[in-house]
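Below is my_file.txt, which holds compact mmCIF, C-alpha atoms.
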# COMPACT_ATOMS: atom_id res chain seq x y z
CA MET A 175 4.90 54.53 32.24
CA ALA A 176 1.60 52.69 31.98
CA GLU A 177 0.44 50.29 34.67
CA THR A 178 -0.10 46.86 33.16
CA ILE A 179 -2.43 44.01 34.08
CA GLY A 180 -0.35 40.97 34.96
CA PRO A 181 -1.19 37.30 34.43
CA LEU A 182 -2.04 36.86 38.14
CA ASP A 183 -4.83 39.44 38.01
CA GLY A 184 -7.66 38.10 40.18
CA ILE A 185 -5.39 36.12 42.52
CA LEU A 186 -5.67 37.14 46.18
CA VAL A 187 -2.62 36.69 48.41
CA ILE A 188 -2.78 36.98 52.20
CA ASP A 189 0.80 37.64 53.28
CA LEU A 190 1.61 37.10 56.96
CA SER A 191 5.36 37.36 56.42
CA GLN A 192 7.77 40.13 57.36
CA PHE A 193 11.41 41.15 56.91
CA LEU A 194 12.71 40.07 53.48
CA SER A 195 12.20 36.47 52.34
CA GLY A 196 8.41 36.27 52.37
CA PRO A 197 7.85 39.87 51.25
CA CYS A 198 10.25 39.29 48.32
CA ALA A 199 7.99 36.45 47.21
CA SER A 200 4.78 38.44 47.57
CA LEU A 201 6.39 41.39 45.77
CA ARG A 202 7.01 39.18 42.76
CA LEU A 203 3.42 37.91 42.88
CA ALA A 204 2.17 41.50 43.12
CA ASP A 205 4.38 42.49 40.18
CA LEU A 206 2.72 39.72 38.19
CA GLY A 207 -0.74 41.08 38.94
CA ALA A 208 -1.83 39.44 42.21
CA ARG A 209 -3.57 41.46 44.90
CA VAL A 210 -1.43 41.22 48.03
CA ILE A 211 -2.89 42.05 51.44
CA LYS A 212 -0.10 42.31 53.97
CA ILE A 213 -1.04 41.44 57.56
CA GLU A 214 0.85 43.59 60.06
CA LYS A 215 0.88 44.05 63.82
CA PRO A 216 -0.92 47.21 64.97
CA ALA A 217 1.34 50.04 66.12
CA LYS A 218 4.65 48.43 65.07
CA GLY A 219 3.85 46.65 61.82
CA ASP A 220 6.41 44.65 59.88
CA LEU A 221 9.70 44.92 61.76
CA CYS A 222 11.29 45.70 58.41
CA ARG A 223 9.76 49.18 58.64
CA GLN A 224 12.59 49.91 61.08
CA LEU A 225 15.25 47.62 59.55
CA TYR A 226 17.68 50.26 58.33
CA VAL A 227 20.42 49.30 55.90
CA SER A 228 21.85 52.81 56.18
CA ASP A 229 20.78 56.15 57.59
CA VAL A 230 18.49 56.71 54.57
CA VAL A 231 14.79 56.84 55.49
CA LEU A 232 11.60 57.52 53.57
CA ASP A 233 8.61 58.97 55.41
CA GLY A 234 10.29 58.00 58.67
CA GLU A 235 10.72 54.34 57.77
CA SER A 236 13.36 52.10 56.26
CA THR A 237 13.89 52.29 52.51
CA VAL A 238 14.17 48.48 52.58
CA PHE A 239 10.52 48.24 53.59
CA HIS A 240 9.41 50.61 50.86
CA ALA A 241 11.48 48.78 48.25
CA ILE A 242 9.95 45.34 48.80
CA ASN A 243 6.43 46.26 49.85
CA ARG A 244 5.34 48.48 46.99
CA ASN A 245 2.08 47.58 45.27
CA LYS A 246 0.67 45.92 48.40
CA GLU A 247 -2.10 46.71 50.89
CA SER A 248 -1.65 46.80 54.67
CA PHE A 249 -4.14 45.23 57.05
CA ALA A 250 -3.49 45.72 60.76
CA ALA A 251 -4.34 42.73 62.97
CA ASP A 252 -3.12 41.40 66.29
CA LEU A 253 -3.19 37.66 65.74
CA LYS A 254 -3.27 37.05 69.50
CA LYS A 255 -6.64 38.82 69.75
CA PRO A 256 -9.57 36.53 68.89
CA GLU A 257 -11.50 39.22 67.00
CA ASP A 258 -8.52 40.12 64.83
CA LEU A 259 -7.62 36.49 64.24
CA ASP A 260 -11.22 35.82 63.21
CA ARG A 261 -11.03 38.62 60.63
CA VAL A 262 -7.82 37.22 59.21
CA LYS A 263 -9.41 33.78 58.96
CA LYS A 264 -12.30 35.30 57.03
CA LEU A 265 -9.80 36.80 54.61
CA ILE A 266 -8.09 33.42 54.31
CA ARG A 267 -11.39 31.83 53.27
CA ARG A 268 -11.38 34.15 50.25
CA ALA A 269 -7.69 33.80 49.45
CA ASP A 270 -5.92 31.92 46.69
CA VAL A 271 -2.56 32.05 48.49
CA VAL A 272 -1.59 32.28 52.16
CA MET A 273 2.04 32.66 53.11
CA HIS A 274 4.22 33.31 56.15
CA ASN A 275 7.78 33.07 57.47
CA PHE A 276 7.10 32.39 61.13
CA ARG A 277 9.52 30.18 63.03
CA PRO A 278 8.52 26.50 63.09
CA GLY A 279 5.46 25.94 65.27
CA VAL A 280 4.33 29.58 65.56
CA ALA A 281 1.64 29.39 62.87
CA GLU A 282 0.27 26.21 64.42
CA ARG A 283 0.03 27.86 67.85
CA LEU A 284 -1.90 30.73 66.28
CA GLY A 285 -4.31 28.34 64.59
CA LEU A 286 -2.94 29.30 61.16
CA GLY A 287 -0.93 26.17 60.36
CA TYR A 288 -1.45 24.44 57.04
CA GLU A 289 -3.98 21.90 58.30
CA CYS A 290 -6.12 24.61 59.93
CA VAL A 291 -5.94 26.89 56.90
CA GLN A 292 -6.75 24.02 54.57
CA GLN A 293 -9.92 23.33 56.58
CA LEU A 294 -10.90 26.97 56.11
CA ASN A 295 -10.03 26.94 52.42
CA PRO A 296 -9.44 23.47 50.90
CA GLN A 297 -8.09 24.82 47.59
CA VAL A 298 -5.62 27.26 49.12
CA VAL A 299 -1.97 27.37 48.11
CA TYR A 300 -0.04 27.70 51.36
CA GLY A 301 3.58 28.85 51.38
CA ARG A 302 5.94 28.97 54.33
CA VAL A 303 9.56 29.98 54.82
CA SER A 304 11.88 28.78 57.56
CA GLY A 305 15.54 29.37 58.27
CA TYR A 306 16.72 25.78 58.20
CA GLY A 307 13.74 23.53 57.48
CA LYS A 308 11.48 21.70 59.90
CA GLU A 309 13.97 19.01 60.94
CA GLY A 310 17.40 18.82 62.45
CA PRO A 311 19.34 20.57 65.21
CA TRP A 312 19.22 23.99 63.50
CA ARG A 313 15.45 24.16 63.07
CA ASP A 314 14.88 26.66 65.91
CA LEU A 315 17.85 28.93 65.21
CA PRO A 316 17.12 32.47 63.97
CA GLY A 317 16.85 32.48 60.19
CA GLN A 318 18.97 35.56 59.57
CA ASP A 319 20.75 36.01 56.25
CA LEU A 320 24.35 36.42 57.44
CA LEU A 321 24.00 33.51 59.84
CA VAL A 322 22.65 31.26 57.11
CA GLN A 323 25.42 32.33 54.73
CA SER A 324 27.94 31.44 57.42
CA LEU A 325 26.55 27.93 57.90
CA SER A 326 26.09 27.25 54.18
CA GLY A 327 29.73 27.24 53.04
CA LEU A 328 29.06 30.13 50.66
CA THR A 329 31.43 32.52 52.42
CA TRP A 330 34.47 30.47 51.35
CA LEU A 331 33.81 31.10 47.63
CA SER A 332 34.29 34.89 47.50
CA GLY A 333 37.36 36.95 48.24
CA ASN A 334 40.98 35.93 47.89
CA ALA A 335 42.68 32.95 49.52
CA GLY A 336 44.13 34.82 52.47
CA GLN A 337 41.04 36.79 53.39
CA GLY A 338 39.11 34.24 55.40
CA PRO A 339 35.35 33.84 54.86
CA VAL A 340 33.71 36.64 52.87
CA PRO A 341 29.91 37.09 52.93
CA LYS A 342 27.93 38.41 50.00
CA GLY A 343 27.12 42.11 50.16
CA LEU A 344 23.38 41.48 49.77
CA SER A 345 20.74 39.52 51.68
CA ILE A 346 21.14 36.79 49.12
CA ALA A 347 19.60 33.98 51.19
CA ASP A 348 16.40 35.95 51.78
CA ILE A 349 16.11 37.06 48.17
CA LEU A 350 16.78 33.63 46.65
CA CYS A 351 14.44 31.96 49.13
CA GLY A 352 11.72 34.45 48.25
CA MET A 353 12.13 33.64 44.57
CA HIS A 354 11.91 29.92 45.32
CA LEU A 355 8.75 30.47 47.35
CA ALA A 356 7.19 32.40 44.47
CA GLN A 357 8.14 29.61 42.05
CA GLY A 358 6.57 26.96 44.26
CA ILE A 359 3.40 29.00 44.71
CA LEU A 360 3.08 29.56 40.97
CA ALA A 361 3.57 25.85 40.31
CA CYS A 362 0.76 24.99 42.74
CA LEU A 363 -1.51 27.61 41.21
CA VAL A 364 -0.97 25.99 37.82
CA ARG A 365 -1.75 22.57 39.26
CA ARG A 366 -4.85 23.95 40.96
CA SER A 367 -6.09 25.33 37.65
CA ILE A 368 -5.85 21.80 36.22
CA THR A 369 -6.91 19.59 39.11
CA GLY A 370 -8.59 21.94 41.58
CA ARG A 371 -6.08 20.89 44.23
CA GLY A 372 -4.18 23.48 46.26
CA GLY A 373 -0.88 22.71 47.89
CA LEU A 374 1.78 23.28 50.51
CA VAL A 375 5.06 24.96 49.54
CA ASP A 376 8.00 24.73 51.94
CA VAL A 377 11.27 26.58 51.41
CA SER A 378 14.13 27.49 53.73
CA LEU A 379 16.96 30.00 53.59
CA LEU A 380 19.59 27.30 54.02
CA GLU A 381 18.22 25.03 51.31
CA SER A 382 18.05 28.00 48.93
CA LEU A 383 21.73 28.76 49.51
CA LEU A 384 22.68 25.10 49.14
CA ASP A 385 20.83 24.99 45.82
CA PHE A 386 22.60 28.21 44.82
CA GLN A 387 25.88 26.29 45.14
CA PHE A 388 24.80 23.28 43.07
CA GLU A 389 27.79 23.60 40.71
CA THR A 390 30.43 23.80 43.39
CA ILE A 391 28.91 21.20 45.72
CA THR A 392 28.68 18.72 42.84
CA THR A 393 32.29 19.46 41.94
CA TYR A 394 33.31 18.95 45.57
CA PHE A 395 31.90 15.41 45.59
CA HIS A 396 33.57 14.50 42.30
CA ASP A 397 36.85 16.08 43.39
CA GLY A 398 37.31 13.66 46.26
CA GLY A 399 36.14 16.13 48.89
CA GLN A 400 39.01 18.55 48.36
CA ALA A 401 38.78 21.80 50.30
CA THR A 402 37.72 24.90 48.40
CA GLU A 403 40.78 26.82 47.23
CA ARG A 404 40.43 30.42 46.16
CA THR A 405 43.14 32.12 44.14
CA ALA A 406 45.67 34.25 45.95
CA SER A 407 44.53 37.35 44.06
CA ASN A 408 41.78 38.45 41.68
CA ASN A 409 39.50 35.62 42.77
CA ALA A 410 36.02 35.63 41.25
CA HIS A 411 35.20 31.92 41.18
CA ALA A 412 37.02 29.41 43.35
CA TYR A 413 36.51 26.59 40.85
CA LEU A 414 37.61 28.34 37.66
CA GLY A 415 41.10 28.83 36.34
CA ALA A 416 42.85 31.92 35.03
CA PRO A 417 42.11 34.49 33.77
CA TYR A 418 38.71 34.55 35.53
CA GLY A 419 38.61 37.61 37.78
CA ILE A 420 38.54 41.38 38.11
CA TYR A 421 41.78 43.29 37.50
CA HIS A 422 42.92 46.78 38.33
CA THR A 423 43.92 49.00 35.40
CA SER A 424 45.64 52.37 35.47
CA ASP A 425 42.27 54.15 35.77
CA GLY A 426 39.71 51.56 36.86
CA TYR A 427 38.93 47.87 36.61
CA VAL A 428 38.30 45.29 33.93
CA ALA A 429 36.63 41.88 34.30
CA LEU A 430 37.86 38.84 32.39
CA ALA A 431 35.79 35.68 32.14
CA MET A 432 36.83 32.28 30.76
CA GLY A 433 39.30 32.43 27.89
CA SER A 434 42.65 31.41 26.47
CA VAL A 435 45.61 32.58 28.50
CA THR A 436 47.98 32.37 25.55
CA GLN A 437 45.59 34.32 23.33
CA LEU A 438 45.50 37.01 25.99
CA GLY A 439 49.29 37.02 26.00
CA GLU A 440 49.35 37.66 22.25
CA LEU A 441 46.60 40.28 22.23
CA LEU A 442 47.92 42.20 25.23
CA ASP A 443 51.56 41.86 24.21
CA CYS A 444 52.25 40.11 27.54
CA GLU A 445 55.04 37.66 26.65
CA PRO A 446 55.20 35.78 30.00
CA LEU A 447 51.67 34.45 29.42
CA LEU A 448 52.87 32.60 26.32
CA ASP A 449 54.72 30.15 28.58
CA PHE A 450 51.42 28.55 29.59
CA GLN A 451 50.66 26.58 26.43
CA ASP A 452 49.02 23.67 28.26
CA PRO A 453 45.40 24.61 29.12
CA ALA A 454 45.62 22.44 32.24
CA THR A 455 48.06 24.95 33.71
CA TRP A 456 45.43 27.68 33.49
CA PHE A 457 43.97 26.10 36.61
CA THR A 458 46.97 24.51 38.30
CA GLU A 459 49.12 27.63 37.80
CA ARG A 460 46.33 30.18 38.08
CA ASP A 461 47.96 32.12 40.92
CA ARG A 462 51.09 32.74 38.83
CA ILE A 463 49.08 33.58 35.73
CA LYS A 464 46.83 36.02 37.55
CA ALA A 465 49.79 37.76 39.17
CA ILE A 466 51.46 38.25 35.77
CA LEU A 467 48.22 39.45 34.19
CA ALA A 468 47.43 41.80 37.07
CA ARG A 469 50.80 43.55 36.83
CA HIS A 470 50.46 43.90 33.06
CA LEU A 471 46.93 45.29 33.05
CA GLU A 472 47.94 48.06 35.46
CA THR A 473 50.12 49.53 32.70
CA GLY A 474 47.13 50.60 30.57
CA THR A 475 43.68 52.09 30.88
CA THR A 476 40.44 50.14 30.93
CA ALA A 477 39.39 51.66 27.60
CA GLN A 478 42.74 50.75 26.05
CA TRP A 479 42.40 47.08 27.01
CA LEU A 480 38.74 46.83 26.02
CA ALA A 481 39.57 48.31 22.61
CA ILE A 482 41.92 45.35 22.08
CA LEU A 483 39.90 42.57 23.70
CA GLU A 484 36.35 43.28 22.55
CA PRO A 485 37.07 43.14 18.78
CA ALA A 486 38.81 39.79 19.39
CA ASP A 487 35.63 38.45 21.01
CA ILE A 488 37.28 38.03 24.41
CA TRP A 489 34.75 37.84 27.23
CA CYS A 490 35.47 41.04 29.11
CA ALA A 491 33.68 44.02 30.62
CA GLU A 492 34.32 47.32 32.31
CA VAL A 493 33.52 47.28 36.04
CA LEU A 494 30.90 49.93 36.80
CA ASP A 495 29.71 51.46 40.04
CA TRP A 496 26.06 52.46 40.38
CA LYS A 497 26.65 56.08 39.35
CA ARG A 498 28.24 55.10 36.04
CA LEU A 499 25.84 52.22 35.51
CA LEU A 500 22.78 54.46 35.85
CA GLN A 501 24.24 56.87 33.29
CA HIS A 502 25.09 54.17 30.76
CA GLU A 503 23.03 53.75 27.61
CA GLY A 504 22.98 50.00 28.14
CA PHE A 505 21.19 50.45 31.46
CA ARG A 506 18.82 53.13 30.17
CA ALA A 507 17.73 50.91 27.30
CA LEU A 508 16.39 48.35 29.78
CA GLU A 509 14.07 50.89 31.47
CA MET A 510 14.54 49.05 34.76
CA LEU A 511 13.44 51.97 36.95
CA GLN A 512 9.98 53.17 37.81
CA THR A 513 8.54 55.90 40.01
CA VAL A 514 5.87 54.80 42.45
CA ARG A 515 3.63 56.95 44.64
CA ARG A 516 2.49 56.34 48.21
CA SER A 517 -1.02 57.29 49.33
CA ASN A 518 0.37 60.38 51.08
CA GLY A 519 1.76 61.65 47.79
CA THR A 520 5.41 60.70 48.38
CA ASP A 521 7.11 59.53 45.19
CA TYR A 522 10.19 57.33 45.09
CA ARG A 523 12.21 55.61 42.41
CA THR A 524 12.81 51.90 42.56
CA THR A 525 13.28 48.93 40.28
CA ARG A 526 10.51 47.35 38.22
CA CYS A 527 9.72 43.68 37.83
CA PRO A 528 12.47 42.09 35.69
CA ILE A 529 9.97 39.82 33.90
CA ARG A 530 8.26 40.75 30.65
CA ILE A 531 4.94 39.16 29.68
CA ASP A 532 3.91 39.07 26.03
CA GLY A 533 6.70 41.50 25.29
CA GLN A 534 5.45 44.04 27.83
CA ARG A 535 7.35 45.31 30.83
CA LEU A 536 5.41 45.07 34.08
CA TYR A 537 4.91 48.35 35.91
CA ALA A 538 2.80 49.20 38.96
CA GLU A 539 2.60 52.78 40.19
CA LYS A 540 1.41 52.02 43.74
CA GLY A 541 4.02 52.56 46.41
CA SER A 542 4.30 50.94 49.83
CA PRO A 543 1.34 51.25 52.25
CA ASP A 544 1.18 52.99 55.59
CA LEU A 545 0.64 50.61 58.45
CA GLY A 546 -3.00 49.51 58.41
CA GLU A 547 -4.07 52.02 55.79
CA ASP A 548 -6.27 49.45 54.02
CA THR A 549 -7.75 47.78 57.10
CA GLU A 550 -11.15 49.46 57.05
CA ARG A 551 -11.65 49.07 53.31
CA VAL A 552 -10.61 45.40 53.33
CA ILE A 553 -12.96 44.65 56.24
CA ARG A 554 -15.88 46.20 54.41
CA GLU A 555 -15.02 44.47 51.14
CA PHE A 556 -14.23 40.97 52.33
CA ILE A 557 -15.65 40.58 55.82
CA GLY A 558 -18.85 42.58 55.52
CA GLU A 559 -18.60 44.50 58.79
CA THR A 560 -20.21 47.90 58.40
CA ASP A 561 -18.78 49.21 61.65
CA ALA A 562 -15.15 48.59 60.72
CA PRO A 563 -12.65 50.29 63.01
CA PRO A 564 -10.87 53.41 61.75

Can you present the structure in this file as structure tokens?
Amino acid sequence: MAETIGPLDGILVIDLSQFLSGPCASLRLADLGARVIKIEKPAKGDLCRQLYVSDVVLDGESTVFHAINRNKESFAADLKKPEDLDRVKKLIRRADVVMHNFRPGVAERLGLGYECVQQLNPQVVYGRVSGYGKEGPWRDLPGQDLLVQSLSGLTWLSGNAGQGPVPKGLSIADILCGMHLAQGILACLVRRSITGRGGLVDVSLLESLLDFQFETITTYFHDGGQATERTASNNAHAYLGAPYGIYHTSDGYVALAMGSVTQLGELLDCEPLLDFQDPATWFTERDRIKAILARHLETGTTAQWLAILEPADIWCAEVLDWKRLLQHEGFRALEMLQTVRRSNGTDYRTTRCPIRIDGQRLYAEKGSPDLGEDTERVIREFIGETDAPP
């Protein structure tokens, strides 16, 4: 694995964010070659260092932190102390990008709002994340992923009809919002290269989840405002008809995407499916169709069904867990894993950047930083203090 130089080489990012959304954005920028200096509180650091998703820890800290803060530097600063705030402002004067995910008004109270930062650095690209935007009655609510999912309508799309709301099993609002922030920052960097003008990028968790549902929200408006209706079983998309879903077989699961119900009936030798000759019934009668199909697929193995469906060009797939996925040749061919090393010598495996540039995969061997481990070096390099604190 060779470390590659990304297209953002030479771009300096000062990242004041913590938890997931902002750090996801700066991780992508770092993957693409930017130098990311992460500003953290002394002693405690990013609260994500202690945000455990399980009882798995790495060097005494959360694996979540290590996963999304690899390839970054850590600079310890208490923004409420004038001397530390002054150092951060000196870094900002040298930065190409400044970003944060403070609650509305916090950056302004610290003297790090967009207008103040723009005075320090007129060409800066400034990115900020909020939970719900700057306006409206939700603006001051905590921007936490599950809470945003719950407000967004997203939880009524997954699961079966009788289950009630079902959240996604990932911090999808944070991750999507981070990707949107990175996109906006990159767009402003392109504009700056043409016009010399920086820019302000605003994203919110809620708006990212609303955008994520653009298909279904558009359908809702053109469907007369009908309530979302999930299928009674095997639901995978509340707005698609049968056979769309995941089905239990005698030894596992098989996924079926869009396709002809009657063709499935012929291929699988499932005669009751041949009664649904009208494609309109594949939506209006989807509960009946899925129930018939589910019972039939339980009579054979996953491999048996795939051997019939794949040669017929039916959109289908085996359903893998992580153990089987990681052992599969299809996964190995992607080379999606990399081993990174922390400054203390600890190695850990994680994912690489999913983007390829000029045909090359992007790898970076630097792991996550200890809290404040780069403070002294950054002070000497950017601020010019020779008596930098240890």

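When all atoms listed in the file are used to measure the gap to Ala538 of chain A, the shortest distance among A:Arg516, A:Arg313, A:Arg462, A:Arg261 belongs to A:Arg516.
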
Per residue of segment 288-386 of chain A within 12 Å of segment 402-413 of chain A, which atom pair is closest and at what distance in Å (one decimal), using only C-alpha atoms, listed by chain and increasing number, as a tab-separated table?
residue	atom	partner	partner_atom	distance
A:Gly327	CA	A:Thr402	CA	9.5
A:Leu328	CA	A:Thr402	CA	10.4
A:Thr329	CA	A:Thr402	CA	10.7
A:Trp330	CA	A:Thr402	CA	7.1
A:Leu331	CA	A:Ala412	CA	5.6
A:Ser332	CA	A:Ala410	CA	6.5
A:Gly333	CA	A:Asn409	CA	6.0
A:Asn334	CA	A:Asn409	CA	5.3
A:Ala335	CA	A:Arg404	CA	4.8
A:Gly336	CA	A:Ala406	CA	6.7
A:Gln337	CA	A:Ala406	CA	9.1
A:Gly338	CA	A:Arg404	CA	10.1
A:Pro339	CA	A:Arg404	CA	10.6
A:Val340	CA	A:Arg404	CA	11.4

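Between atom CA of Gln357 of chain A and atom CA of Asn275 of chain A the separation is 15.8 Å.
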
- Counting all atoms listed in the file, which of A:Gly398, A:Gly310, A:Gly474, A:Pro197 gets nearest to Cys351 of chain A? A:Pro197

- Message: With distances taken over all atoms listed in the file, which residue among A:Arg469, A:His240, A:Arg267, A:Arg515 lies nearest Cys290 of chain A?
- Response: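 Of all the options, A:Arg267 lies closest to Cys290 of chain A.
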
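Minimum atom-to-atom distance to Glu459 of chain A, evaluated using only C-alpha atoms, belongs to A:Gly415 out of A:Pro181, A:Pro528, A:Gly558, A:Gly415.
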
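Nearest to Tyr427 of chain A of all the residues A:Trp456, A:Tyr288, A:Phe388, A:Trp479 is A:Trp479, based on only C-alpha atoms.
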
- Task: Find the spatial neighbours of Glu492 of chain A, counting all atoms listed in the file, within a cut-off of 9 Å - ignore same-chain residues fewer than 4 positions away - and output them as a list in words.
- Result: Gly426, Tyr427, Val428, Ala429, Thr476, Ala477 and Leu480 of chain A

- Pick from A:Gln292, A:Gln224, A:Ser378, A:Asn243: nearest to Val271 of chain A, with only C-alpha atoms counted? A:Gln292

Considering only C-alpha atoms, give me a table of residues in segment 318-380 of chain A that are at most 10 Å from segment 203-221 of chain A, with the closest atom pair and distance in Å for each, as JSON lines.
{"residue": "A:Met353", "atom": "CA", "partner": "A:Leu203", "partner_atom": "CA", "distance": 9.8}
{"residue": "A:Ala356", "atom": "CA", "partner": "A:Leu203", "partner_atom": "CA", "distance": 6.9}
{"residue": "A:Gln357", "atom": "CA", "partner": "A:Leu203", "partner_atom": "CA", "distance": 9.6}
{"residue": "A:Ile359", "atom": "CA", "partner": "A:Leu203", "partner_atom": "CA", "distance": 9.1}
{"residue": "A:Leu360", "atom": "CA", "partner": "A:Leu203", "partner_atom": "CA", "distance": 8.6}

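Separating atom CA of Leu363 of chain A from atom CA of Gln297 of chain A is a distance of 9.6 Å.
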
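Counting from atom CA of Val272 of chain A, the distance to atom CA of Arg223 of chain A is 21.4 Å.
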
- Item | 8 Å contact set for Val375 of chain A, only C-alpha atoms, chain neighbours under 3 positions out, as an MDAnalysis selection string | chainID A and resid 299:302 355 358:359

Using only C-alpha atoms, list the residues that have an atom at most 6 Å from (-6.0, 21.1, 48.8), coordinates as in the file, as a PDB file with C-alpha atoms, in the coordinates of the input.
ATOM      1  CA  PRO A 296      -9.440  23.470  50.900  1.00  0.00           C
ATOM      2  CA  GLN A 297      -8.090  24.820  47.590  1.00  0.00           C
ATOM      3  CA  ARG A 371      -6.080  20.890  44.230  1.00  0.00           C
ATOM      4  CA  GLY A 372      -4.180  23.480  46.260  1.00  0.00           C
ATOM      5  CA  GLY A 373      -0.880  22.710  47.890  1.00  0.00           C
TER       6      GLY A 373
END
